[in-house]
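Okay, structure first, notes after.
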Amino acid sequence: MQDLLFYVFAAVALIAGFLAVANPFSRNPLASALFLAVALVAVSGLFVLLHAFFLGAVQILIYAGAVMVLFLFVIMLLDLREEQKRRARKVAAGLASALALALAALISAAALAGGGPADPPALEGGARALGRALFTDFLLPFEIVAVLLVAAMVGVVWLSRKEAA
Amino acid sequence: MTPVGLPHYLVLSALLFSLGLLGVVLRRNLLIVFISLELMLNAANIALVASARFLNRIGGQEMVFVVIAVAAAEVAVGLALLAALYRQRPTVQSNDLDALKF
């Protein structure tokens, strides 16, 4: 049952990811953003399958919620004119696809060669376990993230001033 | 069929990462480049969570926390830059932004 769910979520993530990156039917960024949301929800399902329950919830809240709203808001704010059909760059597309495929094959070969424990130990990623680790062993990364978020917020507010140059 | 284990998740992560890389390299629309970047970050997150699960270390999940925060900050700053650029010059095509080209 869990294996079946893995294949379902993986297929949804890959297909939605492909449609977000290179949609053959529409050049509209809105469609790409919505397909990205589908892929993010599938990734959240994978997190739950991996017993990372809290991260699954965070993925939906932060990514599929906040980040997607930001994306959609900016896409609609920019009010893009219909993108004119660009000339297809067949050579570049083929070359890039071959390179990406080679990279995927390389990483996959490394992953398959490494093998790994078939029977997973019982690691639970509930809010309690994650919070305890976050405020003891991983306190410094937590503080760094806090500083980063403040810096990003100040930067965005400055960039979005009316007379920003 | 073998039961789903760490290699399955790593292969899926590699495929998603390559897909995102393809979008970053190939697409000229900066919004779609950002979307592809998000895809790449999520591929890395899958690898981290799977490693945490199968190697029994909670550190992988903490790392995903940091990655999600960095991704949120990156999207906010990137989209603000894009909006500021759009005020200067109404385009989101990376080819049209050639003011620094010599």
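If you're wondering about the labels, chains in the structure tokens are A, B, ... by order shown, residues count from 1 in each chain, ligands from 1 in order shown.
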Find the residues in chain A near chain B: any atom within 7 Å counts, using only C-alpha atoms. Write them as a short mmCIF file (atom, residue, chain, number, x, y, z; two decimals) with N, CA, C and O atoms, in the first residue's frame.
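Wrote it out as result.cif, contents follow:
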data_model
loop_
_atom_site.label_atom_id
_atom_site.label_comp_id
_atom_site.auth_asym_id
_atom_site.auth_seq_id
_atom_site.Cartn_x
_atom_site.Cartn_y
_atom_site.Cartn_z
N ASP A 3 4.02 1.36 -0.80
CA ASP A 3 4.81 1.39 -2.03
C ASP A 3 3.99 1.95 -3.18
O ASP A 3 4.48 2.76 -3.97
N ALA A 10 5.09 9.97 -6.67
CA ALA A 10 6.25 10.26 -7.51
C ALA A 10 5.81 10.62 -8.92
O ALA A 10 6.32 11.58 -9.52
N LEU A 14 6.42 14.20 -10.75
CA LEU A 14 7.21 14.31 -11.98
C LEU A 14 6.39 14.93 -13.11
O LEU A 14 6.87 15.80 -13.83
N PHE A 18 7.07 18.50 -14.73
CA PHE A 18 7.35 18.69 -16.16
C PHE A 18 6.42 19.74 -16.75
O PHE A 18 6.85 20.62 -17.50
N VAL A 21 7.55 23.19 -15.82
CA VAL A 21 8.78 23.68 -16.45
C VAL A 21 8.58 23.90 -17.95
O VAL A 21 9.00 24.92 -18.50
N PRO A 29 2.60 31.81 -17.45
CA PRO A 29 3.25 31.51 -16.17
C PRO A 29 2.27 31.08 -15.08
O PRO A 29 2.64 30.34 -14.18
N ALA A 33 2.72 28.04 -12.46
CA ALA A 33 2.67 28.19 -11.00
C ALA A 33 1.69 27.20 -10.40
O ALA A 33 1.96 26.59 -9.36
N LEU A 36 3.14 23.83 -10.39
CA LEU A 36 4.13 23.74 -9.31
C LEU A 36 3.44 23.45 -7.98
O LEU A 36 3.92 22.64 -7.19
N PHE A 47 6.65 13.32 1.95
CA PHE A 47 7.16 13.57 3.29
C PHE A 47 6.37 12.76 4.33
O PHE A 47 6.94 12.18 5.24
N LEU A 50 7.31 9.30 4.41
CA LEU A 50 8.60 9.12 5.08
C LEU A 50 8.51 9.41 6.57
O LEU A 50 9.53 9.58 7.23
N VAL A 67 4.20 30.65 -0.37
CA VAL A 67 5.05 30.91 -1.54
C VAL A 67 4.23 30.96 -2.82
O VAL A 67 4.45 31.81 -3.69
N VAL A 74 2.46 38.08 -7.72
CA VAL A 74 3.41 38.82 -8.57
C VAL A 74 3.09 38.61 -10.04
O VAL A 74 3.14 39.55 -10.84
N ALA A 93 17.75 23.16 -26.86
CA ALA A 93 16.83 22.33 -26.09
C ALA A 93 17.31 20.89 -26.04
O ALA A 93 17.33 20.25 -24.98
N ALA A 96 20.49 20.65 -23.81
CA ALA A 96 20.19 20.79 -22.39
C ALA A 96 19.47 19.55 -21.87
O ALA A 96 19.75 19.07 -20.76
N SER A 97 18.53 19.01 -22.69
CA SER A 97 17.82 17.80 -22.25
C SER A 97 18.78 16.65 -22.08
O SER A 97 18.71 15.89 -21.10
N ALA A 100 20.74 17.18 -18.88
CA ALA A 100 19.93 16.94 -17.69
C ALA A 100 19.70 15.45 -17.49
O ALA A 100 19.78 14.94 -16.37
N LEU A 101 19.46 14.74 -18.60
CA LEU A 101 19.24 13.30 -18.51
C LEU A 101 20.51 12.60 -18.01
O LEU A 101 20.44 11.68 -17.19
N LEU A 103 22.81 13.90 -16.14
CA LEU A 103 22.95 14.19 -14.71
C LEU A 103 22.06 13.28 -13.87
O LEU A 103 22.49 12.69 -12.88
N ALA A 104 20.79 13.14 -14.32
CA ALA A 104 19.86 12.27 -13.60
C ALA A 104 20.38 10.84 -13.57
O ALA A 104 20.33 10.17 -12.54
N ILE A 107 23.36 10.58 -11.05
CA ILE A 107 22.95 10.56 -9.63
C ILE A 107 22.24 9.25 -9.32
O ILE A 107 22.45 8.64 -8.26
N SER A 108 21.38 8.78 -10.26
CA SER A 108 20.64 7.55 -10.02
C SER A 108 21.60 6.37 -9.90
O SER A 108 21.43 5.51 -9.03
N ALA A 111 23.13 6.47 -6.55
CA ALA A 111 22.17 6.10 -5.51
C ALA A 111 21.94 4.59 -5.49
O ALA A 111 21.87 3.97 -4.44
N LEU A 112 21.83 3.99 -6.71
CA LEU A 112 21.56 2.56 -6.78
C LEU A 112 22.78 1.76 -6.36
O LEU A 112 22.65 0.69 -5.75
N GLY A 115 23.07 1.45 -2.53
CA GLY A 115 22.14 0.59 -1.84
C GLY A 115 21.57 1.30 -0.63
O GLY A 115 21.10 2.42 -0.74
N GLY A 116 21.63 0.68 0.52
CA GLY A 116 21.10 1.32 1.71
C GLY A 116 20.29 0.34 2.50
O GLY A 116 19.94 -0.74 2.00
N PRO A 117 19.99 0.67 3.73
CA PRO A 117 19.21 -0.25 4.56
C PRO A 117 17.81 -0.40 3.99
O PRO A 117 17.11 0.59 3.76
N ALA A 118 17.41 -1.64 3.71
CA ALA A 118 16.10 -1.86 3.12
C ALA A 118 15.02 -1.69 4.17
O ALA A 118 13.94 -1.20 3.88
N PRO A 120 13.74 0.27 7.11
CA PRO A 120 14.04 1.54 7.78
C PRO A 120 13.84 1.44 9.28
O PRO A 120 12.88 0.83 9.75
N PRO A 121 14.75 2.03 10.04
CA PRO A 121 14.53 2.14 11.48
C PRO A 121 13.38 3.10 11.75
O PRO A 121 12.99 3.86 10.87
N LEU A 123 12.18 6.11 12.62
CA LEU A 123 12.40 7.52 12.91
C LEU A 123 11.10 8.26 12.68
O LEU A 123 10.56 8.26 11.58
N LEU A 134 15.40 20.79 17.36
CA LEU A 134 15.61 22.14 16.82
C LEU A 134 16.13 23.08 17.91
O LEU A 134 16.96 23.95 17.64
N VAL A 145 18.65 31.19 10.63
CA VAL A 145 17.47 31.32 9.78
C VAL A 145 16.65 32.53 10.20
O VAL A 145 16.12 33.26 9.36
N LEU A 149 15.73 35.58 7.73
CA LEU A 149 14.36 35.99 7.41
C LEU A 149 14.17 37.49 7.65
O LEU A 149 13.53 38.18 6.86
N ALA A 152 15.90 39.29 4.82
CA ALA A 152 15.13 39.20 3.58
C ALA A 152 13.92 40.13 3.64
O ALA A 152 13.60 40.82 2.66
N GLY A 155 15.05 43.69 3.20
CA GLY A 155 15.44 43.89 1.81
C GLY A 155 14.24 44.02 0.89
O GLY A 155 14.19 44.89 0.02
N VAL A 156 13.23 43.17 1.10
CA VAL A 156 12.05 43.21 0.23
C VAL A 156 11.30 44.51 0.43
O VAL A 156 10.85 45.14 -0.54
N LEU A 159 13.21 47.15 -1.40
CA LEU A 159 13.10 47.01 -2.86
C LEU A 159 11.75 47.47 -3.36
O LEU A 159 11.63 47.93 -4.50
N SER A 160 10.72 47.30 -2.54
CA SER A 160 9.37 47.58 -3.00
C SER A 160 8.93 49.00 -2.70
O SER A 160 7.74 49.31 -2.86
#
Could you please write out, as a PyMOL selection string, every residue of range 48-151 of chain A that DSSP assigns to helix (DSSP H, G or I)?
chain A and resi 48-49+53-78+90-114+127-134+139-151
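Among A:Ala146, A:Ala151, A:Ala113, A:Leu34, the residue with the shortest atom-to-atom distance to Leu72 in chain A, counting only C-alpha atoms, is A:Leu34.
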In terms of the shortest atom-to-atom distance over only C-alpha atoms, which of A:Leu130, A:Ile144, A:Ile15, A:Met68 is closest to Leu55 in chain A?
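That would be A:Leu130, the residue with the smallest distance to Leu55 in chain A.
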Do a neighbour search on Ala64 in chain A at 7 Å with only C-alpha atoms, toss out local chain neighbours closer than 4 positions, and write the hits as number ranges by chain.
A: 37, 40-41, 59-60, 68
Kindly export the residues of the current selection with C-alpha atoms, as a compact mmCIF listing (two decimals), in the first residue's frame.
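Now in out.txt:
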# COMPACT_ATOMS: atom_id res chain seq x y z
CA ALA A 37 1.53 23.80 -6.53
CA LEU A 40 4.53 20.62 -4.05
CA VAL A 41 1.46 18.87 -2.65
CA GLN A 59 5.34 22.04 3.16
CA ILE A 60 1.63 22.62 2.55
CA MET A 68 2.40 30.07 -4.13
So that I can see what lies close to Phe35 in chain A, please list as a tab-separated table (two decimals) with N, CA, C and O atoms, in the first residue's frame the residues with an atom at most 7 Å from it, counting only C-alpha atoms and leaving out residues fewer than 6 positions away in the same chain.
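Saved as out_15.tsv:
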chain	number	residue	atom	x	y	z
A	16	ALA	N	3.59	16.79	-12.90
A	16	ALA	CA	3.28	18.20	-12.62
A	16	ALA	C	4.53	19.06	-12.74
A	16	ALA	O	4.48	20.19	-13.23
A	17	GLY	N	5.67	18.52	-12.32
A	17	GLY	CA	6.92	19.27	-12.45
A	17	GLY	C	7.26	19.53	-13.91
A	17	GLY	O	7.66	20.63	-14.28
A	19	LEU	N	5.14	19.67	-16.39
A	19	LEU	CA	4.19	20.64	-16.94
A	19	LEU	C	4.48	22.05	-16.43
A	19	LEU	O	4.18	23.03	-17.11
A	20	ALA	N	5.06	22.15	-15.23
A	20	ALA	CA	5.40	23.48	-14.72
A	20	ALA	C	6.59	24.05	-15.47
A	20	ALA	O	6.65	25.24	-15.74
I'd like the interatomic distance between CA of Ser44 in chain A and CA of Val58 in chain A, to a tenth of an Å.
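Going from CA of Ser44 in chain A over to CA of Val58 in chain A covers 8.5 Å.
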Atom pair CA of Ala42 in chain A / CA of Phe9 in chain A: separation (Å)
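Interatomic distance, CA of Ala42 in chain A to CA of Phe9 in chain A: 5.2 Å.
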